[in-house]
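Structure file model_34.cif (mmCIF, C-alpha atoms and all ligand atoms) follows.
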data_target
loop_
_atom_site.group_PDB
_atom_site.id
_atom_site.type_symbol
_atom_site.label_atom_id
_atom_site.label_comp_id
_atom_site.auth_asym_id
_atom_site.auth_seq_id
_atom_site.Cartn_x
_atom_site.Cartn_y
_atom_site.Cartn_z
ATOM 1 C CA GLU A 1 0.000 0.000 0.000
ATOM 2 C CA GLN A 2 1.031 3.523 -0.707
ATOM 3 C CA THR A 3 2.401 5.659 2.150
ATOM 4 C CA ALA A 4 3.637 9.237 1.919
ATOM 5 C CA ILE A 5 5.539 11.437 4.359
ATOM 6 C CA GLY A 6 5.769 15.190 4.769
ATOM 7 C CA ILE A 7 8.018 16.953 7.231
ATOM 8 C CA ALA A 8 8.392 20.519 8.473
ATOM 9 C CA HIS A 9 10.652 22.286 10.941
ATOM 10 C CA SER A 10 9.400 25.035 13.257
ATOM 11 C CA LYS A 11 10.277 28.719 13.467
ATOM 12 C CA LEU A 12 11.351 31.515 15.760
ATOM 13 C CA ILE A 13 10.643 35.189 15.414
ATOM 14 C CA LEU A 14 13.839 37.027 16.182
ATOM 15 C CA ILE A 15 12.263 40.466 16.154
ATOM 16 C CA GLY A 16 9.183 42.203 14.776
ATOM 17 C CA GLU A 17 6.329 39.971 15.972
ATOM 18 C CA HIS A 18 2.961 41.701 16.299
ATOM 19 C CA ALA A 19 4.210 44.776 14.442
ATOM 20 C CA VAL A 20 4.446 42.536 11.351
ATOM 21 C CA VAL A 21 0.678 42.004 11.449
ATOM 22 C CA HIS A 22 0.322 45.784 10.974
ATOM 23 C CA GLY A 23 2.704 46.172 8.059
ATOM 24 C CA GLN A 24 6.118 46.448 9.754
ATOM 25 C CA PRO A 25 9.004 44.145 8.816
ATOM 26 C CA ALA A 26 10.028 41.170 10.953
ATOM 27 C CA ILE A 27 12.967 38.781 11.018
ATOM 28 C CA ALA A 28 12.293 35.099 11.545
ATOM 29 C CA ILE A 29 14.533 32.074 11.529
ATOM 30 C CA PRO A 30 13.908 28.421 10.786
ATOM 31 C CA PHE A 31 14.177 26.380 13.994
ATOM 32 C CA PRO A 32 15.221 22.824 13.159
ATOM 33 C CA LEU A 33 15.400 21.478 16.736
ATOM 34 C CA VAL A 34 11.706 20.645 16.813
ATOM 35 C CA GLY A 35 9.416 19.729 13.945
ATOM 36 C CA VAL A 36 6.468 17.772 12.611
ATOM 37 C CA GLU A 37 6.170 14.598 10.562
ATOM 38 C CA SER A 38 2.944 13.692 8.855
ATOM 39 C CA ILE A 39 2.312 10.251 7.377
ATOM 40 C CA VAL A 40 -0.560 9.520 4.994
ATOM 41 C CA GLU A 41 -1.758 5.973 4.398
ATOM 42 C CA HIS A 42 -4.610 4.356 2.565
ATOM 43 C CA GLU A 43 -7.341 3.254 4.956
ATOM 44 C CA PRO A 44 -10.889 2.579 3.783
ATOM 45 C CA GLY A 45 -13.544 4.823 5.322
ATOM 46 C CA PRO A 46 -13.709 8.513 6.170
ATOM 47 C CA VAL A 47 -10.519 10.582 6.470
ATOM 48 C CA VAL A 48 -9.108 9.910 9.940
ATOM 49 C CA ILE A 49 -6.630 12.070 11.855
ATOM 50 C CA ASP A 50 -4.328 10.459 14.366
ATOM 51 C CA SER A 51 -2.459 12.941 16.584
ATOM 52 C CA THR A 52 -1.522 13.426 20.220
ATOM 53 C CA PHE A 53 -4.619 15.541 20.760
ATOM 54 C CA TYR A 54 -7.190 13.656 18.755
ATOM 55 C CA HIS A 55 -7.820 10.375 17.036
ATOM 56 C CA GLY A 56 -10.940 10.226 14.901
ATOM 57 C CA PRO A 57 -12.680 11.305 11.727
ATOM 58 C CA LEU A 58 -11.771 14.650 10.175
ATOM 59 C CA ASP A 59 -15.433 15.695 10.298
ATOM 60 C CA LEU A 60 -15.615 15.367 14.066
ATOM 61 C CA ALA A 61 -12.290 17.050 14.882
ATOM 62 C CA PRO A 62 -12.503 19.230 18.014
ATOM 63 C CA GLU A 63 -12.491 23.019 17.946
ATOM 64 C CA SER A 64 -8.734 23.162 18.576
ATOM 65 C CA LEU A 65 -8.102 21.242 15.332
ATOM 66 C CA GLN A 66 -10.505 23.230 13.141
ATOM 67 C CA GLY A 67 -7.609 25.013 11.480
ATOM 68 C CA ILE A 68 -5.773 21.892 10.399
ATOM 69 C CA ALA A 69 -9.060 20.123 9.557
ATOM 70 C CA SER A 70 -10.079 22.848 7.114
ATOM 71 C CA CYS A 71 -6.555 22.936 5.741
ATOM 72 C CA ILE A 72 -6.779 19.186 5.019
ATOM 73 C CA SER A 73 -10.209 19.570 3.387
ATOM 74 C CA GLY A 74 -8.941 22.526 1.368
ATOM 75 C CA THR A 75 -5.865 20.611 0.196
ATOM 76 C CA LEU A 76 -7.890 17.519 -0.792
ATOM 77 C CA GLU A 77 -10.277 19.706 -2.734
ATOM 78 C CA TYR A 78 -7.338 21.445 -4.415
ATOM 79 C CA LEU A 79 -5.860 18.067 -5.339
ATOM 80 C CA GLU A 80 -9.281 16.921 -6.550
ATOM 81 C CA MET A 81 -9.083 13.948 -4.212
ATOM 82 C CA PRO A 82 -12.192 12.549 -2.534
ATOM 83 C CA GLU A 83 -12.430 13.166 1.211
ATOM 84 C CA ALA A 84 -12.117 9.485 2.021
ATOM 85 C CA ASP A 85 -9.880 6.454 2.487
ATOM 86 C CA LEU A 86 -7.020 8.231 4.227
ATOM 87 C CA LEU A 87 -5.355 7.911 7.584
ATOM 88 C CA ILE A 88 -3.251 10.984 8.421
ATOM 89 C CA ARG A 89 -0.859 10.496 11.321
ATOM 90 C CA ILE A 90 0.650 13.670 12.751
ATOM 91 C CA LYS A 91 3.708 13.400 14.990
ATOM 92 C CA SER A 92 4.902 16.683 16.398
ATOM 93 C CA SER A 93 7.760 17.626 18.692
ATOM 94 C CA VAL A 94 6.758 21.309 18.476
ATOM 95 C CA PRO A 95 5.051 22.291 21.727
ATOM 96 C CA PRO A 96 1.857 24.182 20.870
ATOM 97 C CA GLY A 97 1.210 27.676 22.196
ATOM 98 C CA LYS A 98 4.901 28.439 22.688
ATOM 99 C CA GLY A 99 5.498 30.829 19.828
ATOM 100 C CA LEU A 100 7.321 28.225 17.756
ATOM 101 C CA GLY A 101 4.764 28.088 14.967
ATOM 102 C CA SER A 102 3.291 24.696 15.793
ATOM 103 C CA SER A 103 0.089 25.341 13.856
ATOM 104 C CA ALA A 104 2.002 26.332 10.735
ATOM 105 C CA SER A 105 4.452 23.400 11.076
ATOM 106 C CA VAL A 106 1.592 20.936 11.312
ATOM 107 C CA ALA A 107 -0.125 22.501 8.310
ATOM 108 C CA ILE A 108 3.005 22.486 6.130
ATOM 109 C CA SER A 109 3.920 18.889 6.969
ATOM 110 C CA VAL A 110 0.363 17.677 6.318
ATOM 111 C CA ILE A 111 0.064 19.512 2.999
ATOM 112 C CA ARG A 112 3.446 18.149 1.896
ATOM 113 C CA SER A 113 2.364 14.618 2.802
ATOM 114 C CA LEU A 114 -0.919 14.946 0.880
ATOM 115 C CA PHE A 115 0.833 16.240 -2.250
ATOM 116 C CA ALA A 116 3.377 13.409 -1.922
ATOM 117 C CA TYR A 117 0.542 10.905 -1.557
ATOM 118 C CA ALA A 118 -1.071 12.261 -4.708
ATOM 119 C CA SER A 119 2.379 12.245 -6.425
ATOM 120 C CA ILE A 120 1.901 15.870 -7.393
ATOM 121 C CA ASP A 121 4.608 18.535 -7.119
ATOM 122 C CA HIS A 122 3.764 21.877 -5.585
ATOM 123 C CA THR A 123 5.170 25.361 -5.712
ATOM 124 C CA ASP A 124 6.016 27.270 -2.526
ATOM 125 C CA GLU A 125 3.161 29.587 -3.399
ATOM 126 C CA GLU A 126 0.610 26.763 -3.394
ATOM 127 C CA LEU A 127 2.013 25.454 -0.132
ATOM 128 C CA LEU A 128 1.757 28.848 1.571
ATOM 129 C CA LYS A 129 -1.724 29.540 0.277
ATOM 130 C CA LEU A 130 -3.052 26.235 1.602
ATOM 131 C CA ALA A 131 -1.180 26.522 4.916
ATOM 132 C CA ASN A 132 -2.579 29.982 5.509
ATOM 133 C CA ILE A 133 -6.065 28.418 5.681
ATOM 134 C CA ALA A 134 -4.962 26.805 8.956
ATOM 135 C CA GLU A 135 -3.181 29.957 10.113
ATOM 136 C CA THR A 136 -6.298 32.050 9.710
ATOM 137 C CA PHE A 137 -7.942 29.828 12.307
ATOM 138 C CA ALA A 138 -4.909 29.910 14.591
ATOM 139 C CA HIS A 139 -4.105 33.633 14.409
ATOM 140 C CA GLY A 140 -7.261 35.316 13.172
ATOM 141 C CA ALA A 141 -5.351 37.700 10.913
ATOM 142 C CA PRO A 142 -1.978 36.039 10.287
ATOM 143 C CA SER A 143 0.808 38.020 8.678
ATOM 144 C CA GLY A 144 1.995 34.880 6.894
ATOM 145 C CA ILE A 145 5.447 35.007 8.483
ATOM 146 C CA ASP A 146 5.148 31.661 10.274
ATOM 147 C CA THR A 147 4.275 29.616 7.196
ATOM 148 C CA LEU A 148 6.902 31.407 5.154
ATOM 149 C CA THR A 149 9.697 30.761 7.665
ATOM 150 C CA ILE A 150 8.696 27.135 7.999
ATOM 151 C CA THR A 151 9.243 26.640 4.277
ATOM 152 C CA SER A 152 12.594 28.480 4.365
ATOM 153 C CA GLU A 153 16.070 27.171 5.129
ATOM 154 C CA LEU A 154 17.452 30.670 5.696
ATOM 155 C CA PRO A 155 16.580 33.577 8.008
ATOM 156 C CA VAL A 156 13.885 35.693 6.412
ATOM 157 C CA TRP A 157 13.140 39.372 6.256
ATOM 158 C CA TYR A 158 9.408 39.568 5.938
ATOM 159 C CA GLU A 159 7.068 42.418 5.171
ATOM 160 C CA LYS A 160 3.472 41.676 4.307
ATOM 161 C CA ASP A 161 2.733 42.051 0.579
ATOM 162 C CA ASN A 162 6.420 42.577 -0.240
ATOM 163 C CA PRO A 163 8.781 40.059 -1.799
ATOM 164 C CA THR A 164 10.610 38.117 0.903
ATOM 165 C CA GLU A 165 14.327 38.636 1.351
ATOM 166 C CA PHE A 166 16.817 36.236 2.854
ATOM 167 C CA ILE A 167 19.303 37.615 5.334
ATOM 168 C CA GLU A 168 23.000 36.947 4.872
ATOM 169 C CA LEU A 169 24.755 36.698 8.243
ATOM 170 C CA ASN A 170 28.227 38.115 8.822
ATOM 171 C CA ASP A 171 28.935 35.742 11.716
ATOM 172 C CA ASP A 172 27.553 32.768 13.672
ATOM 173 C CA PHE A 173 24.979 33.817 16.267
ATOM 174 C CA HIS A 174 24.371 31.660 19.344
ATOM 175 C CA PHE A 175 20.976 31.676 21.017
ATOM 176 C CA VAL A 176 19.018 29.973 23.738
ATOM 177 C CA VAL A 177 15.280 29.429 23.529
ATOM 178 C CA ALA A 178 13.603 28.806 26.882
ATOM 179 C CA ASP A 179 10.019 27.826 27.568
ATOM 180 C CA SER A 180 8.209 29.712 30.339
ATOM 181 C CA GLY A 181 5.892 26.730 30.764
ATOM 182 C CA SER A 182 2.655 28.544 30.138
ATOM 183 C CA ILE A 183 0.675 28.443 26.928
ATOM 184 C CA GLY A 184 0.083 31.610 24.948
ATOM 185 C CA ASP A 185 -2.875 32.038 22.642
ATOM 186 C CA THR A 186 -1.506 33.823 19.568
ATOM 187 C CA ARG A 187 -4.948 34.614 18.255
ATOM 188 C CA MET A 188 -5.907 36.358 21.497
ATOM 189 C CA ALA A 189 -2.606 38.225 21.639
ATOM 190 C CA VAL A 190 -3.001 39.430 18.035
ATOM 191 C CA GLU A 191 -6.565 40.537 18.779
ATOM 192 C CA SER A 192 -5.527 42.387 21.946
ATOM 193 C CA VAL A 193 -2.951 44.419 20.016
ATOM 194 C CA ALA A 194 -5.530 45.179 17.310
ATOM 195 C CA HIS A 195 -7.890 46.314 20.049
ATOM 196 C CA LEU A 196 -5.284 48.647 21.576
ATOM 197 C CA LEU A 197 -4.617 50.063 18.136
ATOM 198 C CA ARG A 198 -8.300 50.925 17.789
ATOM 199 C CA VAL A 199 -8.592 52.607 21.191
ATOM 200 C CA ALA A 200 -5.252 54.473 21.194
ATOM 201 C CA PRO A 201 -4.181 54.582 17.542
ATOM 202 C CA ARG A 202 -1.427 57.179 17.769
ATOM 203 C CA LYS A 203 0.248 55.818 20.858
ATOM 204 C CA ILE A 204 0.159 52.223 19.668
ATOM 205 C CA GLN A 205 1.178 53.079 16.116
ATOM 206 C CA ARG A 206 4.295 54.768 17.543
ATOM 207 C CA LYS A 207 5.208 51.521 19.303
ATOM 208 C CA LEU A 208 4.671 49.465 16.169
ATOM 209 C CA ASP A 209 6.775 51.923 14.160
ATOM 210 C CA ARG A 210 9.474 51.739 16.813
ATOM 211 C CA ILE A 211 9.543 47.931 16.552
ATOM 212 C CA GLY A 212 9.907 48.389 12.799
ATOM 213 C CA GLU A 213 12.953 50.656 13.297
ATOM 214 C CA LEU A 214 14.509 48.186 15.735
ATOM 215 C CA THR A 215 13.959 45.414 13.206
ATOM 216 C CA HIS A 216 15.821 47.408 10.530
ATOM 217 C CA GLN A 217 18.729 47.865 12.956
ATOM 218 C CA ALA A 218 18.671 44.175 13.853
ATOM 219 C CA LYS A 219 19.065 43.328 10.162
ATOM 220 C CA ASP A 220 22.050 45.623 9.999
ATOM 221 C CA ALA A 221 23.475 43.876 13.058
ATOM 222 C CA LEU A 222 23.067 40.424 11.518
ATOM 223 C CA GLU A 223 24.533 41.484 8.197
ATOM 224 C CA LYS A 224 27.279 43.845 9.315
ATOM 225 C CA ARG A 225 27.395 45.318 12.762
ATOM 226 C CA GLY A 226 27.364 42.224 14.949
ATOM 227 C CA LYS A 227 25.909 40.642 18.052
ATOM 228 C CA HIS A 228 26.237 43.495 20.558
ATOM 229 C CA LEU A 229 23.966 45.729 18.520
ATOM 230 C CA LEU A 230 21.618 42.805 17.909
ATOM 231 C CA GLY A 231 21.376 42.199 21.668
ATOM 232 C CA GLN A 232 20.444 45.823 22.308
ATOM 233 C CA MET A 233 17.750 45.693 19.654
ATOM 234 C CA LEU A 234 16.244 42.570 21.215
ATOM 235 C CA ASN A 235 16.129 44.293 24.600
ATOM 236 C CA GLU A 236 14.534 47.409 23.130
ATOM 237 C CA ALA A 237 11.950 45.344 21.274
ATOM 238 C CA GLN A 238 11.024 43.578 24.502
ATOM 239 C CA LYS A 239 10.221 46.972 26.098
ATOM 240 C CA GLU A 240 7.762 47.700 23.300
ATOM 241 C CA LEU A 241 6.207 44.230 23.469
ATOM 242 C CA GLU A 242 5.695 44.685 27.212
ATOM 243 C CA ALA A 243 4.036 48.020 26.558
ATOM 244 C CA LEU A 244 1.756 46.263 24.054
ATOM 245 C CA GLY A 245 0.715 43.937 26.854
ATOM 246 C CA VAL A 246 1.839 40.670 25.287
ATOM 247 C CA SER A 247 4.567 39.753 27.784
ATOM 248 C CA THR A 248 3.885 37.956 31.085
ATOM 249 C CA THR A 249 5.523 37.823 34.523
ATOM 250 C CA GLY A 250 6.858 34.368 33.694
ATOM 251 C CA LEU A 251 8.449 35.589 30.466
ATOM 252 C CA ASN A 252 9.829 38.726 32.134
ATOM 253 C CA LYS A 253 11.487 36.656 34.857
ATOM 254 C CA LEU A 254 13.244 34.414 32.349
ATOM 255 C CA ILE A 255 14.306 37.440 30.300
ATOM 256 C CA GLU A 256 15.758 39.281 33.318
ATOM 257 C CA PHE A 257 17.523 36.158 34.503
ATOM 258 C CA ALA A 258 19.052 35.555 31.056
ATOM 259 C CA ARG A 259 20.371 39.132 30.996
ATOM 260 C CA GLU A 260 21.811 38.790 34.515
ATOM 261 C CA GLU A 261 23.571 35.659 33.325
ATOM 262 C CA GLY A 262 25.281 37.537 30.531
ATOM 263 C CA ALA A 263 22.859 37.317 27.606
ATOM 264 C CA LEU A 264 23.546 40.166 25.166
ATOM 265 C CA GLY A 265 19.806 40.577 24.740
ATOM 266 C CA ALA A 266 16.590 38.721 25.436
ATOM 267 C CA LYS A 267 12.921 39.006 24.551
ATOM 268 C CA LEU A 268 9.786 36.963 24.111
ATOM 269 C CA THR A 269 9.410 35.211 20.775
ATOM 270 C CA GLY A 270 6.223 34.734 18.751
ATOM 271 C CA GLY A 271 2.755 35.645 19.927
ATOM 272 C CA GLY A 272 3.691 35.976 23.613
ATOM 273 C CA ASN A 273 1.093 35.833 26.423
ATOM 274 C CA GLY A 274 3.164 32.837 27.539
ATOM 275 C CA GLY A 275 5.390 30.572 25.513
ATOM 276 C CA CYS A 276 9.121 31.078 24.962
ATOM 277 C CA ILE A 277 11.882 33.635 25.208
ATOM 278 C CA ILE A 278 14.876 33.941 22.920
ATOM 279 C CA ALA A 279 18.199 35.044 24.413
ATOM 280 C CA LEU A 280 21.332 35.967 22.481
ATOM 281 C CA ALA A 281 24.401 34.334 24.028
ATOM 282 C CA GLN A 282 27.987 35.574 23.852
ATOM 283 C CA ASN A 283 29.340 32.458 22.141
ATOM 284 C CA GLU A 284 28.758 28.722 21.880
ATOM 285 C CA VAL A 285 30.068 27.802 25.338
ATOM 286 C CA HIS A 286 27.993 30.572 26.882
ATOM 287 C CA SER A 287 24.857 29.372 25.081
ATOM 288 C CA ARG A 288 25.209 25.936 26.686
ATOM 289 C CA LEU A 289 25.884 27.400 30.121
ATOM 290 C CA LEU A 290 23.020 29.845 29.822
ATOM 291 C CA ALA A 291 20.647 27.080 28.723
ATOM 292 C CA GLU A 292 21.607 24.982 31.741
ATOM 293 C CA LYS A 293 21.157 27.944 34.081
ATOM 294 C CA LEU A 294 17.770 28.819 32.613
ATOM 295 C CA ARG A 295 16.677 25.216 33.053
ATOM 296 C CA LYS A 296 17.731 25.230 36.723
ATOM 297 C CA PHE A 297 15.990 28.562 37.159
ATOM 298 C CA GLY A 298 12.739 26.909 36.137
ATOM 299 C CA ALA A 299 12.394 27.008 32.351
ATOM 300 C CA HIS A 300 10.341 24.007 31.231
ATOM 301 C CA ALA A 301 12.535 23.311 28.253
ATOM 302 C CA VAL A 302 15.675 24.912 26.849
ATOM 303 C CA TRP A 303 17.237 24.746 23.416
ATOM 304 C CA PRO A 304 20.701 26.216 22.812
ATOM 305 C CA PHE A 305 21.249 26.632 19.083
ATOM 306 C CA VAL A 306 23.370 28.374 16.538
ATOM 307 C CA LEU A 307 22.376 30.396 13.541
ATOM 308 C CA LYS A 308 25.228 29.689 11.186
ATOM 309 C CA ARG A 309 26.774 32.093 8.805
ATOM 310 C CA HIS A 310 26.006 30.865 5.306
ATOM 311 C CA HIS A 311 26.982 31.745 1.838
ATOM 312 C CA LYS A 312 24.516 32.582 -0.865
ATOM 313 C CA LYS A 313 24.222 29.749 -3.362
HETATM 314 C C1 LIG B 1 3.436 34.767 15.537
HETATM 315 O O1 LIG B 1 4.544 33.902 15.378
HETATM 316 C C2 LIG B 1 3.783 36.131 15.063
HETATM 317 C C3 LIG B 1 2.695 37.182 15.218
HETATM 318 O O2 LIG B 1 3.264 38.382 14.691
HETATM 319 C C4 LIG B 1 1.440 36.798 14.470
HETATM 320 C C5 LIG B 1 1.575 36.803 12.967
HETATM 321 O O3 LIG B 1 2.471 37.432 12.433
HETATM 322 O O4 LIG B 1 0.711 36.159 12.308
HETATM 323 C C6 LIG B 1 2.358 37.424 16.667
#

structure tokens encoding of this file:
Amino acid sequence: EQTAIGIAHSKLILIGEHAVVHGQPAIAIPFPLVGVESIVEHEPGPVVIDSTFYHGPLDLAPESLQGIASCISGTLEYLEMPEADLLIRIKSSVPPGKGLGSSASVAISVIRSLFAYASIDHTDEELLKLANIAETFAHGAPSGIDTLTITSELPVWYEKDNPTEFIELNDDFHFVVADSGSIGDTRMAVESVAHLLRVAPRKIQRKLDRIGELTHQAKDALEKRGKHLLGQMLNEAQKELEALGVSTTGLNKLIEFAREEGALGAKLTGGGNGGCIIALAQNEVHSRLLAEKLRKFGAHAVWPFVLKRHHKK
């Protein structure tokens, strides 16, 4: 019997989250340490999803899986395949609600597996369009940055409705991602910022613009000016995110601790309201030490990782 596999890594927003929803640029990086594998098999009967959260027919998927369920239906329709005789197994190591793009990773891996099952090639454009069906459920008004980064092997410079650029690093950058342990609802966080923007447009717009400026500087730091400037930009961006109300006490504690332990900069990453922080370490040895310290301090999970300098192909 035919079996097909689709995989996807996850993502991190380095800087620019939330502002990107309102037209500012953001920088995001593929995060290969956690990811999703989706396996499609022939099984007579209705389409069945098998995941950690749910095992059962696509039609009866719970509210929390509505996004991926409609993405599957949309993809099958696009492929002109009947909605039947498939078992879709989703295995994810991306913790949901942590700002790592779990919803987009699941969507991308599932779409890839369905195209592979149908033996049809797809363009990146098709992949993104179908994945954004799921993202609209997960984020309400997604910027599209998560799906884009999850299909990229390189750090991306993203501005809604503009062609995506890839960032060329001038050095290796060492980071630590640490999980605060609580779950953040990206959709709610995005809506709360939109709400603030309606009630205090000028004040909030200034903060979004400021995040945009910091993001431009961060790009400069990655491409030319180096990690010390990047660290400062991360710290400045965190101030704005706090003012937008999307940070939490748990995140703030991890961020302060990381800075006390020598991080060059630290901020929340992704939607916030819980989830993870990203801290810029001084070098590789420091990233391992910092990860260990953050874990002892109470982070639920830690991932030291390096963003490697690459050369344009
Ligand atoms: C989520 O990773 C990033 C946000 O800016 C939402 C989005 O861009 O869709 C918070």

Residues at most 8 Å from ligand LIG 1 (chain B), using all atoms listed in the file? Could they come as a list in words?
-> Lys11, Leu12, Ile13, Gly16, Glu17, His18, Ala19, Val20, Val21, Gly99, Leu100, Gly101, Glu135, His139, Ala141, Pro142, Ser143, Gly144, Ile145, Asp146, Thr186, Arg187, Ala189, Val190, Thr269, Gly270, Gly271 and Gly272 of chain A

Pull out every residue that the PyMOL selection byres (((chain A and resi 129) around 12) and not hetatm) matches in the shown coordinates and put them as a compact mmCIF listing (two decimals) with C-alpha atoms, keeping the file's coordinate frame.
# COMPACT_ATOMS: atom_id res chain seq x y z
CA CYS A 71 -6.56 22.94 5.74
CA GLY A 74 -8.94 22.53 1.37
CA THR A 75 -5.86 20.61 0.20
CA TYR A 78 -7.34 21.44 -4.42
CA ALA A 104 2.00 26.33 10.74
CA ALA A 107 -0.12 22.50 8.31
CA ILE A 108 3.00 22.49 6.13
CA ILE A 111 0.06 19.51 3.00
CA HIS A 122 3.76 21.88 -5.58
CA THR A 123 5.17 25.36 -5.71
CA ASP A 124 6.02 27.27 -2.53
CA GLU A 125 3.16 29.59 -3.40
CA GLU A 126 0.61 26.76 -3.39
CA LEU A 127 2.01 25.45 -0.13
CA LEU A 128 1.76 28.85 1.57
CA LEU A 130 -3.05 26.24 1.60
CA ALA A 131 -1.18 26.52 4.92
CA ASN A 132 -2.58 29.98 5.51
CA ILE A 133 -6.06 28.42 5.68
CA ALA A 134 -4.96 26.80 8.96
CA GLU A 135 -3.18 29.96 10.11
CA THR A 136 -6.30 32.05 9.71
CA PRO A 142 -1.98 36.04 10.29
CA GLY A 144 2.00 34.88 6.89
CA THR A 147 4.28 29.62 7.20
CA LEU A 148 6.90 31.41 5.15

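Across the structure, atom CA of A:Trp157 and atom CA of A:Gly212 are spaced 11.6 Å apart.
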
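For the atom pair formed by atom CA of A:Glu256 and atom CA of A:Ala291, the distance is 13.9 Å, given to one decimal.
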
I'd like to see the residues matched by the PyMOL selection byres (((chain A and resi 195-200) around 12) and not hetatm) on this file, and ideally I'd get them as a compact mmCIF listing (two decimals) with C-alpha atoms, in the frame of the given file.
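The result, written out as out.txt:
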# COMPACT_ATOMS: atom_id res chain seq x y z
CA HIS A 18 2.96 41.70 16.30
CA ALA A 19 4.21 44.78 14.44
CA VAL A 21 0.68 42.00 11.45
CA HIS A 22 0.32 45.78 10.97
CA MET A 188 -5.91 36.36 21.50
CA ALA A 189 -2.61 38.22 21.64
CA VAL A 190 -3.00 39.43 18.04
CA GLU A 191 -6.56 40.54 18.78
CA SER A 192 -5.53 42.39 21.95
CA VAL A 193 -2.95 44.42 20.02
CA ALA A 194 -5.53 45.18 17.31
CA PRO A 201 -4.18 54.58 17.54
CA ARG A 202 -1.43 57.18 17.77
CA LYS A 203 0.25 55.82 20.86
CA ILE A 204 0.16 52.22 19.67
CA GLN A 205 1.18 53.08 16.12
CA ARG A 206 4.30 54.77 17.54
CA LYS A 207 5.21 51.52 19.30
CA LEU A 208 4.67 49.46 16.17
CA ALA A 243 4.04 48.02 26.56
CA LEU A 244 1.76 46.26 24.05
CA GLY A 245 0.72 43.94 26.85
CA VAL A 246 1.84 40.67 25.29

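For the residues A:Leu230, A:Leu86, A:Leu290, A:Ala178, ranking by smallest atom-to-atom distance to A:Gln2 using all atoms listed in the file places A:Leu86 first.
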
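One distance worth recording is that between atom CA of A:Lys227 and atom CA of A:Gly275, which is 24.0 Å.
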
Shell of 8 Å around A:Met233, all atoms listed in the file, local chain residues under 6 positions omitted, as a ChimeraX atom specification = /A:214-215,217-218,265

Write out as a PDB file with C-alpha atoms, in the frame of the given file each polymer residue whose atoms come within 7 Å of stretch 47-59 of chain A, counting all atoms listed in the file; drop sequence neighbours fewer than 4 positions from it.
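Now in selection08.pdb:
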ATOM      1  CA  ALA A  69      -9.060  20.123   9.557  1.00  0.00           C
ATOM      2  CA  GLU A  83     -12.430  13.166   1.211  1.00  0.00           C
ATOM      3  CA  ALA A  84     -12.117   9.485   2.021  1.00  0.00           C
ATOM      4  CA  ASP A  85      -9.880   6.454   2.487  1.00  0.00           C
ATOM      5  CA  LEU A  86      -7.020   8.231   4.227  1.00  0.00           C
ATOM      6  CA  LEU A  87      -5.355   7.911   7.584  1.00  0.00           C
ATOM      7  CA  ILE A  88      -3.251  10.984   8.421  1.00  0.00           C
ATOM      8  CA  ARG A  89      -0.859  10.496  11.321  1.00  0.00           C
ATOM      9  CA  ILE A  90       0.650  13.670  12.751  1.00  0.00           C
ATOM     10  CA  LYS A  91       3.708  13.400  14.990  1.00  0.00           C
TER      11      LYS A  91
END

Mind checking which residues fall within 12 Å of A:Leu307, counting all atoms listed in the file, ignoring those fewer than 4 positions away in the same chain, and posting them as number ranges by chain?
-> A: 12, 14, 28-33, 153-155, 167-176, 222, 227, 280-281, 283-284, 287

How would the residues just picked look written out with C-alpha atoms as a PDB file, in the coordinates of the input?
ATOM      1  CA  LEU A  12      11.351  31.515  15.760  1.00  0.00           C
ATOM      2  CA  LEU A  14      13.839  37.027  16.182  1.00  0.00           C
ATOM      3  CA  ALA A  28      12.293  35.099  11.545  1.00  0.00           C
ATOM      4  CA  ILE A  29      14.533  32.074  11.529  1.00  0.00           C
ATOM      5  CA  PRO A  30      13.908  28.421  10.786  1.00  0.00           C
ATOM      6  CA  PHE A  31      14.177  26.380  13.994  1.00  0.00           C
ATOM      7  CA  PRO A  32      15.221  22.824  13.159  1.00  0.00           C
ATOM      8  CA  LEU A  33      15.400  21.478  16.736  1.00  0.00           C
ATOM      9  CA  GLU A 153      16.070  27.171   5.129  1.00  0.00           C
ATOM     10  CA  LEU A 154      17.452  30.670   5.696  1.00  0.00           C
ATOM     11  CA  PRO A 155      16.580  33.577   8.008  1.00  0.00           C
ATOM     12  CA  ILE A 167      19.303  37.615   5.334  1.00  0.00           C
ATOM     13  CA  GLU A 168      23.000  36.947   4.872  1.00  0.00           C
ATOM     14  CA  LEU A 169      24.755  36.698   8.243  1.00  0.00           C
ATOM     15  CA  ASN A 170      28.227  38.115   8.822  1.00  0.00           C
ATOM     16  CA  ASP A 171      28.935  35.742  11.716  1.00  0.00           C
ATOM     17  CA  ASP A 172      27.553  32.768  13.672  1.00  0.00           C
ATOM     18  CA  PHE A 173      24.979  33.817  16.267  1.00  0.00           C
ATOM     19  CA  HIS A 174      24.371  31.660  19.344  1.00  0.00           C
ATOM     20  CA  PHE A 175      20.976  31.676  21.017  1.00  0.00           C
ATOM     21  CA  VAL A 176      19.018  29.973  23.738  1.00  0.00           C
ATOM     22  CA  LEU A 222      23.067  40.424  11.518  1.00  0.00           C
ATOM     23  CA  LYS A 227      25.909  40.642  18.052  1.00  0.00           C
ATOM     24  CA  LEU A 280      21.332  35.967  22.481  1.00  0.00           C
ATOM     25  CA  ALA A 281      24.401  34.334  24.028  1.00  0.00           C
ATOM     26  CA  ASN A 283      29.340  32.458  22.141  1.00  0.00           C
ATOM     27  CA  GLU A 284      28.758  28.722  21.880  1.00  0.00           C
ATOM     28  CA  SER A 287      24.857  29.372  25.081  1.00  0.00           C
TER      29      SER A 287
END

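Using the PyMOL selection byres (((chain A and resi 258) around 10) and not hetatm) on this structure selects Val176, Ala178, Asn252, Lys253, Leu254, Ile255, Glu256, Phe257, Arg259, Glu260, Glu261, Gly262, Ala263, Leu264, Gly265, Ala266, Lys267, Ile277, Ile278, Ala279, Leu280, Ala281, Leu290, Ala291, Lys293, Leu294 and Phe297 of chain A.
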